[in-house]
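Q: So here's data-v5.cif (mmCIF, C-alpha atoms and all ligand atoms).
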```
data_my_file
#
loop_
_atom_site.group_PDB
_atom_site.id
_atom_site.type_symbol
_atom_site.label_atom_id
_atom_site.label_comp_id
_atom_site.auth_asym_id
_atom_site.auth_seq_id
_atom_site.Cartn_x
_atom_site.Cartn_y
_atom_site.Cartn_z
ATOM 1 C CA MET J 1 132.662 -24.253 -13.281
ATOM 2 C CA ARG J 2 135.254 -26.990 -13.357
ATOM 3 C CA TYR J 3 134.595 -30.484 -12.164
ATOM 4 C CA ARG J 4 136.961 -32.280 -9.874
ATOM 5 C CA PRO J 5 137.320 -35.983 -10.591
ATOM 6 C CA ALA J 6 134.638 -37.778 -8.650
ATOM 7 C CA HIS J 7 136.510 -41.061 -8.865
ATOM 8 C CA VAL J 8 139.646 -42.540 -10.290
ATOM 9 C CA CYS J 9 139.598 -45.798 -12.225
ATOM 10 C CA ALA J 10 140.816 -48.604 -9.997
ATOM 11 C CA GLN J 11 142.357 -50.362 -12.969
ATOM 12 C CA CYS J 12 144.246 -47.673 -14.902
ATOM 13 C CA GLY J 13 143.968 -44.475 -12.838
ATOM 14 C CA GLU J 14 141.952 -42.456 -15.367
ATOM 15 C CA ALA J 15 139.915 -39.680 -13.732
ATOM 16 C CA LEU J 16 136.172 -40.139 -14.038
ATOM 17 C CA TYR J 17 134.038 -37.019 -13.847
ATOM 18 C CA LEU J 18 130.504 -38.059 -14.562
ATOM 19 C CA PRO J 19 128.720 -41.346 -13.956
ATOM 20 C CA GLU J 20 127.561 -43.347 -16.940
ATOM 21 C CA PHE J 21 124.245 -43.919 -15.234
ATOM 22 C CA SER J 22 122.627 -42.723 -12.021
ATOM 23 C CA GLU J 23 119.698 -44.144 -10.136
ATOM 24 C CA TRP J 24 117.990 -42.648 -7.126
ATOM 25 C CA LEU J 25 117.312 -45.358 -4.588
ATOM 26 C CA ASP J 26 115.279 -43.209 -2.204
ATOM 27 C CA SER J 27 115.311 -39.688 -0.834
ATOM 28 C CA GLY J 28 118.656 -40.186 0.883
ATOM 29 C CA SER J 29 120.840 -42.196 -1.471
ATOM 30 C CA ALA J 30 121.741 -42.739 -5.092
ATOM 31 C CA ARG J 31 123.590 -45.398 -7.059
ATOM 32 C CA HIS J 32 126.052 -44.431 -9.778
ATOM 33 C CA LEU J 33 127.434 -46.659 -12.495
ATOM 34 C CA TRP J 34 130.865 -45.592 -13.704
ATOM 35 C CA GLN J 35 132.672 -46.655 -16.849
ATOM 36 C CA CYS J 36 136.273 -45.756 -17.580
ATOM 37 C CA ASP J 37 136.729 -44.246 -21.030
ATOM 38 C CA ALA J 38 140.328 -45.390 -21.171
ATOM 39 C CA CYS J 39 140.068 -49.093 -20.326
ATOM 40 C CA GLY J 40 136.366 -49.885 -20.106
ATOM 41 C CA TYR J 41 136.439 -50.839 -16.435
ATOM 42 C CA THR J 42 133.032 -50.465 -14.772
ATOM 43 C CA PHE J 43 132.047 -50.166 -11.140
ATOM 44 C CA GLU J 44 129.214 -48.920 -8.989
ATOM 45 C CA THR J 45 129.136 -46.544 -6.083
ATOM 46 C CA THR J 46 126.369 -45.737 -3.654
ATOM 47 C CA VAL J 47 126.173 -42.200 -2.293
ATOM 48 C CA GLN J 48 124.472 -41.394 0.971
ATOM 49 C CA PHE J 49 123.183 -37.881 1.514
ATOM 50 C CA ALA J 50 122.916 -36.431 4.968
ATOM 51 C CA ALA J 51 119.349 -36.112 6.102
ATOM 52 C CA ALA J 52 118.247 -32.524 6.480
HETATM 53 ZN ZN ZN J 101 140.463 -47.341 -16.546
#
```
Kindly present the structure from the file in structure tokens form.
Ligand SMILES: [Zn+2]

A:
Amino acid sequence: MRYRPAHVCAQCGEALYLPEFSEWLDSGSARHLWQCDACGYTFETTVQFAAA
């Protein structure tokens, strides 16, 4: 299985595949911390999952 880039670094355009750190906020959302390997830029995303 191949991973598609989940995100692209906003600073240099490097593709980021896996978050540096993930935290489940509750049953429906998670927070991911991303760090670019190329330039060191970090950012967070929050993912909402559709309720079943
Ligand atoms: Zn970067």

Q: Give me the chain J side of the contact with ligand ZN 101 (chain J), cut-off 10 Å, one line per residue showing its nearest atom pair and distance in Å at one decimal, counting all atoms listed in the file, sorted by chain and residue number, as a Markdown table.

A:
```
| residue | atom | partner | partner_atom | distance |
| --- | --- | --- | --- | --- |
| J:Val8 | CA | J:ZN101 | ZN | 7.9 |
| J:Cys9 | CA | J:ZN101 | ZN | 4.7 |
| J:Ala10 | CA | J:ZN101 | ZN | 6.7 |
| J:Gln11 | CA | J:ZN101 | ZN | 5.1 |
| J:Cys12 | CA | J:ZN101 | ZN | 4.1 |
| J:Gly13 | CA | J:ZN101 | ZN | 5.9 |
| J:Glu14 | CA | J:ZN101 | ZN | 5.2 |
| J:Ala15 | CA | J:ZN101 | ZN | 8.2 |
| J:Leu16 | CA | J:ZN101 | ZN | 8.8 |
| J:Gln35 | CA | J:ZN101 | ZN | 7.8 |
| J:Cys36 | CA | J:ZN101 | ZN | 4.6 |
| J:Asp37 | CA | J:ZN101 | ZN | 6.6 |
| J:Ala38 | CA | J:ZN101 | ZN | 5.0 |
| J:Cys39 | CA | J:ZN101 | ZN | 4.2 |
| J:Gly40 | CA | J:ZN101 | ZN | 6.0 |
| J:Tyr41 | CA | J:ZN101 | ZN | 5.3 |
| J:Thr42 | CA | J:ZN101 | ZN | 8.3 |
```

Q: Which one of J:Trp24, J:Phe49, J:Ser29, J:Phe43 sits closest to His7 (chain J) if you count only C-alpha atoms?

A: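 Nearest to His7 (chain J): J:Phe43.
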
Q: Figure out the distance between CA of Trp34 (chain J) and CA of Ala6 (chain J), please, to one decimal in Å.

A: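 Pair CA of Ala6 (chain J) / CA of Trp34 (chain J) returns 10.0 Å.
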
Q: Could you tell me how far CA of Phe21 (chain J) sits from CA of Leu33 (chain J), in Å to one decimal place?

A: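 Spanning CA of Leu33 (chain J) to CA of Phe21 (chain J) is a straight-line distance of 5.0 Å.
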
Q: Just want the 9 Å neighbourhood of Gly28 (chain J), counted on only C-alpha atoms, with same-chain residues fewer than 5 positions away dropped. Output as a ChimeraX atom specification.

A: /J:47-51

Q: If you keep C-alpha atoms, can you produce a file of those selected residues as a tab-separated table (two decimals), keeping the file's coordinate frame?

A:
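So the final result, stored in out-v4.tsv, reads:
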```tsv
chain	number	residue	atom	x	y	z
J	47	VAL	CA	126.17	-42.20	-2.29
J	48	GLN	CA	124.47	-41.39	0.97
J	49	PHE	CA	123.18	-37.88	1.51
J	50	ALA	CA	122.92	-36.43	4.97
J	51	ALA	CA	119.35	-36.11	6.10
```

Q: Evaluate the PyMOL selection byres (((chain J and resi 46) around 6) and not hetatm) on the structure here and hand back the selected residues as a PyMOL selection string.

A: chain J and resi 30-31+45+47
